[in-house]
Structures are given as structure tokens and as C-alpha cells.
>>> print(open('structure36.txt').read())   # compact mmCIF, C-alpha atoms
# COMPACT_ATOMS: atom_id res chain seq x y z
CA MET A 13 89.17 14.48 273.81
CA SER A 14 86.55 16.31 271.84
CA THR A 15 84.49 19.16 273.16
CA SER A 16 82.67 19.91 269.95
CA PRO A 17 78.95 19.23 270.15
CA ASP A 18 79.16 17.97 266.56
CA GLN A 19 81.32 15.06 267.58
CA TYR A 20 80.62 12.11 269.82
CA TYR A 21 82.49 12.70 273.08
CA ILE A 22 85.24 10.15 273.76
CA PRO A 23 86.60 10.42 277.32
CA GLU A 24 90.27 10.26 278.28
CA PRO A 25 91.60 6.88 279.49
CA SER A 26 90.04 6.29 282.92
CA LYS A 27 91.00 4.29 286.02
CA TRP A 28 87.40 3.46 286.89
CA PRO A 29 87.00 0.18 284.94
CA ILE A 30 90.08 -1.18 286.74
CA VAL A 31 88.74 -0.06 290.13
CA ALA A 32 85.41 -1.74 289.25
CA MET A 33 87.22 -4.96 288.36
CA LEU A 34 89.18 -4.92 291.65
CA ALA A 35 85.99 -4.24 293.63
CA ILE A 36 84.08 -7.13 292.05
CA PHE A 37 87.06 -9.46 292.37
CA SER A 38 87.39 -8.57 296.04
CA ILE A 39 83.66 -9.17 296.70
CA LEU A 40 83.63 -12.55 294.91
CA MET A 41 86.93 -13.76 296.39
CA GLY A 42 85.82 -12.58 299.85
CA SER A 43 82.50 -14.41 299.48
CA ALA A 44 84.22 -17.61 298.38
CA LEU A 45 86.61 -17.45 301.35
CA ALA A 46 83.84 -16.52 303.82
CA ILE A 47 81.67 -19.44 302.69
CA ASN A 48 84.62 -21.75 303.33
CA GLY A 49 85.20 -20.26 306.76
CA VAL A 50 88.43 -18.38 305.99
CA GLY A 51 88.63 -15.40 308.35
CA ILE A 52 89.85 -12.78 305.88
CA GLY A 53 86.81 -13.41 303.65
CA SER A 54 84.38 -11.02 305.32
CA PHE A 55 87.09 -8.34 305.46
CA LEU A 56 87.60 -8.68 301.70
CA ILE A 57 83.84 -8.37 301.11
CA VAL A 58 83.76 -5.08 303.05
CA VAL A 59 86.82 -3.80 301.16
CA GLY A 60 85.14 -4.79 297.88
CA PHE A 61 81.95 -2.90 298.67
CA VAL A 62 83.87 0.19 299.81
CA LEU A 63 85.82 0.10 296.53
CA LEU A 64 82.56 -0.38 294.61
CA GLY A 65 81.03 2.65 296.32
CA TYR A 66 84.19 4.69 295.59
CA MET A 67 84.02 3.60 291.93
CA PHE A 68 80.33 4.53 291.54
CA PHE A 69 80.85 7.88 293.23
CA GLY A 70 83.93 8.71 291.16
CA TRP A 71 82.75 7.39 287.81
CA PHE A 72 79.29 8.93 287.98
CA GLY A 73 80.93 12.12 289.28
CA ASP A 74 83.08 12.25 286.11
CA VAL A 75 80.03 11.66 283.92
CA VAL A 76 78.07 14.41 285.69
CA GLU A 77 80.99 16.82 285.28
CA GLU A 78 81.32 15.99 281.57
CA ASN A 79 77.62 16.62 281.16
CA MET A 80 77.65 19.90 283.10
CA THR A 81 80.60 21.22 281.08
CA GLY A 82 78.71 20.68 277.84
CA LYS A 83 80.76 17.84 276.39
CA TYR A 84 77.76 15.75 275.39
CA ASN A 85 75.77 16.07 272.20
CA SER A 86 72.43 14.49 271.35
CA GLN A 87 74.11 11.25 270.24
CA VAL A 88 75.63 10.79 273.71
CA ASP A 89 72.21 11.51 275.20
CA ASP A 90 70.76 8.80 272.99
CA SER A 91 73.47 6.37 274.19
CA PHE A 92 72.47 6.95 277.82
CA ARG A 93 68.83 6.30 276.95
CA GLN A 94 69.70 3.10 275.10
CA GLY A 95 71.91 1.98 278.00
CA MET A 96 69.09 2.53 280.48
CA PHE A 97 66.67 0.66 278.22
CA TRP A 98 68.88 -2.44 278.13
CA PHE A 99 69.64 -2.25 281.85
CA ILE A 100 65.91 -2.18 282.57
CA SER A 101 65.32 -5.03 280.12
CA SER A 102 67.76 -7.19 282.08
CA GLU A 103 65.99 -6.23 285.31
CA VAL A 104 62.61 -7.17 283.83
CA PHE A 105 63.92 -10.61 282.87
CA PHE A 106 65.57 -10.98 286.29
CA PHE A 107 62.24 -10.57 288.07
CA ALA A 108 60.30 -12.44 285.34
CA THR A 109 62.48 -15.46 286.14
CA PHE A 110 61.59 -15.32 289.83
CA PHE A 111 57.88 -14.75 289.21
CA GLY A 112 58.06 -17.58 286.67
CA SER A 113 59.64 -19.92 289.20
CA LEU A 114 56.92 -19.05 291.74
CA TYR A 115 54.25 -19.86 289.13
CA TYR A 116 55.96 -23.11 288.12
CA VAL A 117 56.39 -24.34 291.67
CA ARG A 118 52.95 -23.30 292.83
CA ASN A 119 50.80 -24.30 289.89
CA ILE A 120 52.74 -27.13 288.27
CA SER A 121 55.34 -29.01 290.32
CA VAL A 122 53.42 -29.12 293.63
CA ASP A 123 50.39 -30.47 291.73
CA TRP A 124 52.55 -33.09 290.07
CA LEU A 125 53.91 -34.29 293.41
CA GLY A 126 50.31 -34.49 294.58
CA GLY A 127 49.51 -36.89 291.73
CA THR A 128 47.92 -34.61 289.14
CA GLY A 129 48.54 -35.36 285.49
CA TYR A 130 50.87 -37.96 284.10
CA LEU A 131 52.90 -38.25 287.31
CA GLU A 132 50.09 -40.07 289.09
CA ALA A 133 52.24 -43.17 289.49
CA THR A 134 55.05 -41.15 291.08
CA ASN A 135 52.65 -39.99 293.72
CA GLU A 136 51.28 -43.46 294.26
CA PHE A 137 54.66 -45.15 294.76
CA ILE A 138 57.06 -42.42 295.95
CA THR A 139 55.24 -39.36 297.34
CA SER A 140 52.01 -41.01 298.46
CA GLN A 141 51.86 -39.01 301.71
CA PHE A 142 52.23 -35.70 299.91
CA VAL A 143 49.09 -33.59 299.74
CA SER A 144 49.14 -30.93 297.07
CA GLN A 145 48.50 -27.50 298.59
CA TRP A 146 49.95 -23.99 298.69
CA PRO A 147 51.66 -22.87 300.87
CA THR A 148 53.53 -26.09 301.37
CA ALA A 149 56.41 -26.94 303.67
CA GLY A 150 57.59 -29.55 301.21
CA PRO A 151 59.75 -31.31 300.61
CA SER A 152 59.55 -33.36 303.81
CA ASN A 153 58.68 -30.48 306.14
CA LEU A 154 62.40 -29.98 306.83
CA GLY A 155 62.02 -26.49 308.24
CA GLY A 156 59.12 -27.44 310.50
CA ASP A 157 55.63 -25.95 310.72
CA PHE A 158 55.33 -22.27 310.00
CA ALA A 159 52.71 -19.54 309.84
CA LEU A 160 52.22 -16.95 307.10
CA VAL A 161 52.96 -13.26 307.39
CA ASP A 162 49.76 -11.32 308.11
CA THR A 163 48.77 -9.46 304.94
CA TRP A 164 47.19 -6.65 306.97
CA GLY A 165 50.38 -6.08 308.94
CA VAL A 166 53.64 -4.90 307.42
CA PRO A 167 52.87 -6.01 303.82
CA ALA A 168 49.78 -3.76 303.52
CA ILE A 169 51.48 -0.87 305.35
CA ASN A 170 54.57 -1.23 303.16
CA THR A 171 52.38 -1.21 300.04
CA ALA A 172 50.83 2.06 301.24
CA ILE A 173 54.33 3.44 301.94
CA LEU A 174 55.67 2.49 298.51
CA LEU A 175 52.59 3.85 296.72
CA SER A 176 52.93 7.10 298.68
CA SER A 177 56.57 7.29 297.57
CA GLY A 178 55.39 6.86 293.97
CA LEU A 179 53.04 9.81 294.53
CA THR A 180 55.71 12.06 296.06
CA LEU A 181 58.11 11.15 293.25
CA THR A 182 55.50 12.00 290.61
CA TRP A 183 54.92 15.31 292.43
CA ALA A 184 58.68 15.97 292.26
CA HIS A 185 58.69 15.00 288.58
CA TRP A 186 55.99 17.55 287.77
CA GLY A 187 57.94 20.10 289.85
CA LEU A 188 60.93 19.55 287.57
CA LYS A 189 58.84 19.86 284.42
CA LYS A 190 57.24 23.10 285.71
CA GLU A 191 60.64 24.44 286.86
CA ASN A 192 59.62 24.45 290.50
CA ARG A 193 62.90 23.56 292.27
CA LYS A 194 61.38 23.52 295.77
CA GLN A 195 58.74 20.99 294.74
CA LEU A 196 61.42 18.85 293.08
CA VAL A 197 63.70 18.79 296.14
CA ASN A 198 60.92 18.30 298.69
CA GLY A 199 59.31 15.54 296.63
CA LEU A 200 62.62 13.70 296.30
CA MET A 201 63.36 14.04 300.02
CA LEU A 202 59.98 12.55 300.91
CA THR A 203 60.48 9.73 298.40
CA VAL A 204 63.90 8.76 299.77
CA ALA A 205 62.58 8.92 303.35
CA LEU A 206 59.63 6.66 302.48
CA GLY A 207 62.02 4.24 300.76
CA ILE A 208 64.19 4.03 303.89
CA ILE A 209 61.11 3.43 306.07
CA PHE A 210 60.06 0.63 303.69
CA VAL A 211 63.42 -1.14 304.05
CA ILE A 212 63.42 -0.81 307.85
CA MET A 213 59.85 -2.19 308.06
CA GLN A 214 60.84 -5.09 305.82
CA ALA A 215 63.82 -5.89 308.06
CA VAL A 216 61.57 -5.84 311.14
CA GLU A 217 59.13 -8.15 309.34
CA TYR A 218 61.89 -10.62 308.47
CA MET A 219 62.99 -10.75 312.12
CA HIS A 220 59.38 -11.34 313.18
CA ALA A 221 58.95 -14.07 310.54
CA TYR A 222 62.12 -15.83 311.69
CA SER A 223 61.58 -15.54 315.44
CA THR A 224 57.80 -15.89 315.80
CA LEU A 225 56.35 -17.49 312.65
CA ASN A 226 59.24 -19.93 312.01
CA LEU A 227 59.04 -18.86 308.38
CA THR A 228 62.68 -19.16 307.31
CA LEU A 229 64.75 -19.76 304.21
CA GLU A 230 64.56 -23.44 305.16
CA SER A 231 60.74 -23.53 305.18
CA GLY A 232 60.64 -25.63 302.03
CA ILE A 233 59.86 -24.19 298.65
CA TYR A 234 57.49 -21.57 300.11
CA GLY A 235 60.18 -20.07 302.34
CA SER A 236 62.72 -20.13 299.49
CA THR A 237 60.48 -18.34 296.99
CA PHE A 238 59.15 -15.92 299.62
CA TYR A 239 62.59 -14.71 300.70
CA LEU A 240 64.02 -14.82 297.19
CA LEU A 241 61.30 -12.56 295.77
CA THR A 242 60.87 -10.15 298.68
CA GLY A 243 64.62 -10.10 299.44
CA PHE A 244 65.71 -9.19 295.93
CA HIS A 245 62.91 -6.64 295.80
CA GLY A 246 64.18 -5.10 299.04
CA PHE A 247 67.68 -4.96 297.58
CA HIS A 248 66.29 -3.09 294.56
CA VAL A 249 64.53 -0.61 296.87
CA ILE A 250 67.91 0.10 298.49
CA VAL A 251 69.54 0.61 295.06
CA GLY A 252 66.64 2.85 293.93
CA ALA A 253 66.86 4.92 297.13
CA LEU A 254 70.63 5.37 296.55
CA MET A 255 69.98 6.50 292.96
CA LEU A 256 67.30 8.94 294.10
CA SER A 257 69.61 10.25 296.87
CA ALA A 258 72.23 11.06 294.22
CA VAL A 259 69.57 12.75 292.11
CA LEU A 260 68.40 14.66 295.21
CA GLY A 261 71.94 15.88 295.89
CA ARG A 262 72.28 17.06 292.30
CA SER A 263 68.86 18.75 292.42
CA MET A 264 69.94 20.66 295.54
CA LYS A 265 73.06 21.82 293.69
CA GLY A 266 70.86 23.21 290.93
CA HIS A 267 71.46 20.48 288.34
CA PHE A 268 68.71 19.45 285.88
CA THR A 269 66.61 21.72 283.74
CA GLU A 270 63.18 21.31 282.25
CA GLU A 271 64.81 19.88 279.10
CA ASN A 272 68.03 18.25 280.40
CA HIS A 273 67.22 15.79 283.17
CA PHE A 274 67.80 12.28 281.89
CA ALA A 275 69.38 11.08 285.17
CA PHE A 276 66.29 12.17 287.09
CA GLU A 277 63.89 10.44 284.71
CA ALA A 278 65.97 7.25 284.60
CA ALA A 279 66.10 7.02 288.41
CA ALA A 280 62.41 7.95 288.67
CA TRP A 281 61.40 5.29 286.17
CA TYR A 282 63.50 2.73 288.08
CA TRP A 283 61.64 3.62 291.29
CA HIS A 284 58.26 3.19 289.56
CA PHE A 285 59.47 -0.17 288.27
CA VAL A 286 60.44 -1.31 291.78
CA ASP A 287 57.03 -0.09 292.97
CA VAL A 288 55.20 -2.16 290.32
CA VAL A 289 57.27 -5.25 291.15
CA TRP A 290 56.14 -4.87 294.77
CA LEU A 291 52.49 -4.59 293.67
CA GLY A 292 52.94 -7.83 291.71
CA LEU A 293 54.50 -9.46 294.79
CA PHE A 294 51.81 -8.12 297.09
CA ILE A 295 49.05 -9.57 294.91
CA LEU A 296 50.66 -12.91 294.03
CA VAL A 297 52.27 -13.73 297.38
CA TYR A 298 49.75 -12.26 299.80
CA TRP A 299 46.40 -12.38 297.97
CA MET A 300 46.24 -15.07 295.28
CA MET B 5 39.12 -14.09 295.30
CA GLU B 6 38.02 -15.80 292.08
CA ILE B 7 35.41 -13.15 291.22
CA MET B 8 37.94 -10.36 291.77
CA LYS B 9 40.83 -11.99 289.90
CA LEU B 10 39.83 -10.61 286.51
CA PRO B 11 39.56 -6.90 287.39
CA VAL B 12 42.72 -7.11 289.51
CA MET B 13 44.64 -8.74 286.65
CA ILE B 14 43.27 -6.25 284.09
CA ILE B 15 44.34 -3.24 286.18
CA MET B 16 47.72 -4.86 286.88
CA GLY B 17 48.12 -5.34 283.11
CA LEU B 18 47.30 -1.66 282.50
CA ILE B 19 49.83 -0.65 285.17
CA VAL B 20 52.55 -2.69 283.45
CA LEU B 21 51.54 -1.19 280.09
CA SER B 22 51.73 2.39 281.36
CA LEU B 23 55.11 1.64 282.96
CA ALA B 24 56.37 0.07 279.71
CA SER B 25 55.15 3.07 277.70
CA GLY B 26 57.06 5.30 280.13
CA MET B 27 60.23 3.28 279.37
CA PHE B 28 59.56 3.56 275.64
CA PHE B 29 59.18 7.35 275.86
CA LEU B 30 62.27 7.57 278.08
CA ALA B 31 64.33 5.76 275.43
CA LYS B 32 62.85 7.61 272.44
CA ASP B 33 62.21 11.21 273.55
CA ASP B 34 64.92 13.84 274.08
CA GLY B 35 63.63 15.13 277.41
CA SER B 36 61.73 18.14 276.09
CA GLY B 37 58.24 16.58 276.10
CA ASP B 38 56.21 15.35 279.04
CA ARG B 39 55.20 11.91 277.78
CA VAL B 40 57.33 10.13 280.43
CA VAL B 41 55.87 11.99 283.39
CA LYS B 42 52.33 11.56 282.01
CA ALA B 43 52.78 7.77 281.60
CA LEU B 44 54.18 7.49 285.14
CA THR B 45 51.37 9.63 286.57
CA PHE B 46 48.87 7.31 284.91
CA ARG B 47 50.77 4.38 286.42
CA ILE B 48 50.59 5.66 290.00
CA ILE B 49 46.88 6.55 289.72
CA LEU B 50 46.08 3.03 288.47
CA SER B 51 48.16 1.53 291.30
CA LEU B 52 46.23 3.51 293.91
CA ILE B 53 42.95 2.33 292.37
CA LEU B 54 44.17 -1.28 292.52
CA PHE B 55 45.18 -0.95 296.18
CA ALA B 56 41.79 0.60 296.98
CA ILE B 57 40.02 -2.30 295.22
CA LEU B 58 41.97 -4.84 297.30
CA ILE B 59 41.18 -3.06 300.57
CA LEU B 60 37.49 -2.52 299.75
CA GLY B 61 37.21 -6.09 298.47
CA ALA B 62 38.55 -7.39 301.78
CA ILE B 63 36.29 -5.09 303.82
CA PHE B 64 33.21 -6.33 301.93
CA ASN B 65 34.45 -9.94 302.07
CA VAL B 66 34.78 -10.32 298.32
CA ILE B 67 38.52 -11.02 298.60
CA GLU B 68 40.39 -12.84 301.32
CA PRO B 69 44.13 -12.41 301.81
CA ASN B 70 46.22 -15.61 301.95
CA SER B 71 47.30 -15.13 305.54
CA LEU B 72 43.69 -15.46 306.75
CA THR B 73 43.34 -18.99 305.41
CA PRO B 74 43.41 -21.35 308.39
CA SER B 75 46.02 -23.78 307.12
CA ILE B 76 49.41 -23.58 308.74
CA ALA B 77 51.74 -25.00 306.16
CA GLY B 78 53.64 -28.04 307.23
CA SER B 79 50.78 -29.53 309.21
CA THR B 80 50.00 -31.72 306.22
CA PRO B 81 51.95 -34.97 306.22
CA THR B 82 54.60 -35.04 303.59
CA ASN B 83 56.80 -37.82 302.38
>>> encode(input="structure36.txt", output="C-alpha cells")
Amino acid sequence: MSTSPDQYYIPEPSKWPIVAMLAIFSILMGSALAINGVGIGSFLIVVGFVLLGYMFFGWFGDVVEENMTGKYNSQVDDSFRQGMFWFISSEVFFFATFFGSLYYVRNISVDWLGGTGYLEATNEFITSQFVSQWPTAGPSNLGGDFALVDTWGVPAINTAILLSSGLTLTWAHWGLKKENRKQLVNGLMLTVALGIIFVIMQAVEYMHAYSTLNLTLESGIYGSTFYLLTGFHGFHVIVGALMLSAVLGRSMKGHFTEENHFAFEAAAWYWHFVDVVWLGLFILVYWM
Amino acid sequence: MEIMKLPVMIIMGLIVLSLASGMFFLAKDDGSGDRVVKALTFRIILSLILFAILILGAIFNVIEPNSLTPSIAGSTPTN
């Protein structure tokens, strides 16, 4: 409504929140039906994700256009920064919960079942056969014996890939700050490509773990935490690569200046965050 | 691994700190400075050092990755 830089920009009524609601409803309803074996369920999930993609593309497109036509003042800029800060905070707590559960299971509950501490009697009378160790196939070895993923295989290579992508992104970032468009675009292209390679390698590793190592989601608490942590991380790599692809497209169209580039820095920071989460995973899951 | 745990954890802590400072600058600055890119550059350099320490530690047998431990999980009797 307002185009004056002195006033906080309030957009016209928009269809996007309703489209978002329909997309999420479709995904959740589809999932519920699919889990219960109703045929239309998976179709609804696909429709939901297509709608979600359409919503993101359209809504962010509107925001970009508003920005490029000079509708935003410094207060709006501050709102975006605050929004990103709280989004990231929720992401930090999301992963903190999973790392916390890994710590709890590994260092506390498995020891308890093994008879450490005040649960000695529980071990003596109920879980007397249980030997406390990590990794464990407990409870009851339901998923069968399994082997661990070789640290020197895909995990180490993927770490090198993700660290390289952090380097290329930092190179692009400096390109933006020094107004070198070619460096910005090339750096982003390399980063997105490395991100895609990471996801493909991870998928290959999962197939290998399932088919050869018998390390599955049913491999007791180790399998659950392993796939939960690495799986959600992989999902975040996909989201980060999508964000950087959008930023790459905008960079190629000449968007972003040395001073006005919040979208780039937000996406770049997100990628660094995903990179650090992987380092934490790499150390805690594969080394310690 | 025990002997290497402390330096690894210290560098990991510094990485998280530099990342967090990058977030702080991203939320506070208006885009004109270069505090964000500097914090993130520091972060990637520290990460490369950490990766190098892990690789060198394994080469010189100071650290041993988990997957080289002989136990195949599940071989232990459970109740």
C-alpha cells in the first residue's frame, strides 16, 4: 500500500497464506491416508508438495519484486533479519534435541540397562543378559547383527565435499563483497553442485548400509539415531541447496549489491550451519 | 581418541562460536560491513584445520574411527 521509504511497507492482501495452508493440509492428509493404506494418499502428498513449491516460488517471487522496486525501508530489512534469527534458533534447537537424544541414549540409558548406577537391580532381574556397549543392537537385537559404515568411505569423502562447498561459498561471498559478479556466480554454482553430489553420495551410502551392512532403521537404537541424525541433515542439505539455487538465479539476473544482499547472506549462513552440523555428526557418530 | 578429544572439542567449540557470531552480525548489521563474511571465513578455516587434525591423527594412530573397532553390534547377547 505504501511506497514511501519512511513508512513500513504493508503488502496488499495475498493468496499465498491460503495456498500454503492447502499445501500443508494436502501433505498431512495424504500422509495419514498413505500410512493407512488408502490409495489416494500418495497422490495427495505429491499434490501437496507441488502446491508447496508453487507457493514458495510465488511468495518469494513477490517479496523479491517488492524489494527490487524499492518498497522496503530499513525497518523491513530489520524484520527479515529478525525472522531469519528466529528461524535459525528453531533449527538449532531441532538439532540440539537430536544430538541430546544421542548423548542420552549412548551415555546414560544404555549404561543403566547394563546395570550402572541405581538401576543395578533392574539389570540383575530383568536385563541380566544385556551388556552395555555402543553401538548396540538393543533392545533384543530385533534388527539382527549389523556392521558400521566405514568412516574412511563415504562419510570422510562427504565431509571433504561439504567443507569444499563451504570454501567455494566463502569465495562467492567475498566476490559479492568485492563486487566481482563472476566470482559470485561461479562460487555459487560450484557450491550447489557440491551439495547435489553430497546428497547423491549419501543416498548411495544408505543403499549400501541397507543391502550389505544390514544397518537399517530397525537396527535398534543405533540404527534409529543414525538415520534420524544423518537423514534430517541430508534433508537440510537439500533445502540449503534449493535456497542457494534461488540465490544463484538471482545473482545471474544481476540482483544483490555490495550493500543490499540479505537473501544471499541468510542462505550462505544457513549453508555454513548445515556444514557445522555435519562436522558435529561426523565427529560424534563416526569418531567418538 | 581420548588424548585427542580435548583439542577436537576446543576447535569444534570455536567453530560453533564463529558461526554464532556470524548469525549475530547477520541479525544486527545492515549489510554494509563485512563482519558476517569474516566470521564465516574464520569458521571454514577452523573446520578445515579440524578435518586435517582428524586425518593426521588417524594416519599417526592417535585417533581411531569407530568403524575400525572390531565389534559388530548385535553379536552381544541381549535380553
>>> atom_distance(input="structure36.txt", atom1="atom CA of Phe244 of chain A", atom2="atom CA of Val104 of chain A")
12.7 Å
>>> atom_distance(input="structure36.txt", atom1="atom CA of Gly127 of chain A", atom2="atom CA of Ser140 of chain A")
8.3 Å
>>> atom_distance(input="structure36.txt", atom1="atom CA of Ile22 of chain A", atom2="atom CA of Val75 of chain A")
11.5 Å
>>> closest_atom_pairs(input="structure36.txt", of="chain A", to="chain B", cutoff="7 Å", atoms="all atoms listed in the file", output="Markdown table")
| residue | atom | partner | partner_atom | distance |
| --- | --- | --- | --- | --- |
| A:Arg93 | CA | B:Ala31 | CA | 4.8 |
| A:Gln94 | CA | B:Ala31 | CA | 6.0 |
| A:Phe97 | CA | B:Ala31 | CA | 6.3 |
| A:Thr139 | CA | B:Asn83 | CA | 5.5 |
| A:Ser140 | CA | B:Asn83 | CA | 7.0 |
| A:Gln141 | CA | B:Asn83 | CA | 5.1 |
| A:Phe142 | CA | B:Thr82 | CA | 4.4 |
| A:Val143 | CA | B:Thr80 | CA | 6.8 |
| A:Pro147 | CA | B:Ala77 | CA | 5.7 |
| A:Thr148 | CA | B:Ala77 | CA | 5.2 |
| A:Ala149 | CA | B:Gly78 | CA | 4.6 |
| A:Gly150 | CA | B:Thr82 | CA | 6.7 |
| A:Ser152 | CA | B:Thr82 | CA | 5.2 |
| A:Asn153 | CA | B:Gly78 | CA | 5.7 |
| A:Gly156 | CA | B:Gly78 | CA | 6.4 |
| A:Asp157 | CA | B:Gly78 | CA | 4.5 |
| A:Phe158 | CA | B:Ala77 | CA | 5.9 |
| A:Ala159 | CA | B:Ile76 | CA | 5.3 |
| A:Leu160 | CA | B:Ser71 | CA | 5.5 |
| A:Val161 | CA | B:Ser71 | CA | 6.2 |
| A:Asp162 | CA | B:Ser71 | CA | 5.2 |
| A:Thr163 | CA | B:Ser71 | CA | 5.9 |
| A:Leu175 | CA | B:Leu52 | CA | 7.0 |
| A:Gly178 | CA | B:Ile48 | CA | 6.3 |
| A:Leu179 | CA | B:Ile48 | CA | 6.6 |
| A:Thr182 | CA | B:Thr45 | CA | 6.2 |
| A:His185 | CA | B:Val41 | CA | 6.6 |
| A:Glu271 | CA | B:Ser36 | CA | 4.6 |
| A:Asn272 | CA | B:Gly35 | CA | 6.2 |
| A:His273 | CA | B:Gly35 | CA | 6.8 |
| A:Phe274 | CA | B:Gly35 | CA | 6.8 |
| A:Tyr298 | CA | B:Asn70 | CA | 5.3 |
| A:Trp299 | CA | B:Pro69 | CA | 4.5 |
| A:Met300 | CA | B:Asn70 | CA | 6.7 |
>>> residues_around(input="structure36.txt", residues="Ile52 of chain A", least_positions_apart="4", cutoff="10 Å", atoms="all atoms listed in the file", output="VMD selection string")
chain A and resid 41 to 43 45 to 46 56 to 57
>>> residues_around(input="structure36.txt", residues="segment 195-200 of chain A", least_positions_apart="5", cutoff="6 Å", atoms="all atoms listed in the file", output="compact mmCIF listing (two decimals) with C-alpha atoms, in the frame of the given file")
# COMPACT_ATOMS: atom_id res chain seq x y z
CA THR A 180 55.71 12.06 296.06
CA LEU A 181 58.11 11.15 293.25
CA ALA A 184 58.68 15.97 292.26
CA GLY A 187 57.94 20.10 289.85
CA LEU A 188 60.93 19.55 287.57
CA LEU A 260 68.40 14.66 295.21
>>> closest_residue(input="structure36.txt", among="A:Leu34, A:Leu256, A:Val50, A:Leu225", to="Gly207 of chain A", atoms="only C-alpha atoms")
A:Leu256
>>> closest_residue(input="structure36.txt", among="A:Leu154, A:Ser121, A:Glu217, A:Lys83", to="Ser231 of chain A", atoms="only C-alpha atoms")
A:Leu154
>>> axis_aligned_box(input="structure36.txt", around="segment 59-68 of chain B", padding_each_side="8 Å", output="AutoDock Vina command-line options")
--center_x 37.2 --center_y -7.7 --center_z 301.1 --size_x 24.0 --size_y 26.3 --size_z 21.5
